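Peer 1: Mind having a look at this structure? Questions to follow.
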Amino acid sequence: MRLALYQPDIAPNVGTLLRLGACLGVPVDIIEPCGFPFGAKDLKRAVMDYAAAADVTRHVSWQEFTRHKSGKRLILLSTKADITYTDFTFTESDILLVGRESAGVPETVHDAADHRLLIPMTEGLRSINVALSAAMVLGEALRQTAGFPKPSPSL
């Protein structure tokens with residue numbers, strides 16, 4: 001399982017997702033350009049001291065990212081999807097992709113996804129924060145694939 005962020009533009013969300021990836025043992029792909037300097041103070045504040053534990057791969061473009069996805073299913077979280085994430089069957093090798101906070105993803109990226117998933121929400125509301133959305137769907141994907149890290153025995 002991997003988590004991919006398409007041209008993120010809010011540094012604290014990226015930091016939060018890097019921390020999530022580190023804690024759950026999930027690699028994170030960042031598809032640039034980012035809407036902020038990658039070492040921004042807000043990013044560092046959100047990722048805290050988990051940056052060293054995060055498995056991060058930065059890609060200079062969408063095209064470069066797609067060259068490295070190597071046959072894995074690309075699962076886009078989108079408000080334009082028809083299938084809810086709770087009705088989807090995940091595999092261990094899936095890549096969960098989230099779009100820009102401000103604009104989602106362009107149609108070319110939307111069309112390139114193997115599957116598009118929706119988080120059901122109250123009618124009339126637009127979207128859930130991208131970091132929260134990714135955490136919800138990643139949690140379900142890891143649950144389905146038994147991909148959560150094994151807890152350490154208590155001391």
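Simple scheme: letters A, B, ... for chains in structure tokens order, numbers from 1 for residues in each chain, numbers from 1 for ligands in the order shown.
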As an NGL selection string, list the residues of chain A assigned to helix (DSSP H, G or I) by DSSP on the backbone atoms of this structure.
Peer 2: :A and (11-24 or 41-53 or 62-68 or 85-87 or 107-112 or 130-144)
Peer 1: List the spatial neighbours of A:Val98 as a list in words - criterion: any atom at most 10 Å away, only C-alpha atoms, same-chain residues fewer than 3 positions off excluded.
Peer 2: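 Close residues of A:Val98: Leu3, Ala4, Leu5, Tyr6, Gln7, Pro8, Ile75, Leu76, Leu77, Ser78, Ile95, Glu101, Gly104, Val105, Val130, Ala131, Ser133 and Ala134 of chain A.
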Peer 1: If we count only C-alpha atoms and set the cut-off at 10 Å, which residues sit around A:Arg116, ignoring sequence neighbours fewer than 6 positions away in its own chain? Please answer as number ranges by chain.
Peer 2: A: 74-85, 88, 96-97, 110
Peer 1: Name the residues in contact with A:Gly25 at a cut-off of 12 Å, using only C-alpha atoms, excluding same-chain residues fewer than 5 positions from it; report them as a PyMOL selection string.
Peer 2: chain A and resi 1-3+17-20+50+53-56+138+142+147-150
Peer 1: Counting only C-alpha atoms, which of A:Gln144, A:Thr57, A:Ser152, A:Thr86 gets nearest to A:Gly21?
Peer 2: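 Among A:Gln144, A:Thr57, A:Ser152, A:Thr86, it is A:Thr57 that comes nearest to A:Gly21.
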Peer 1: Kindly give the distance, in Å, that separates atom CA of A:Pro12 and atom CA of A:Lys69, rounded to a single decimal.
Peer 2: 25.6 Å
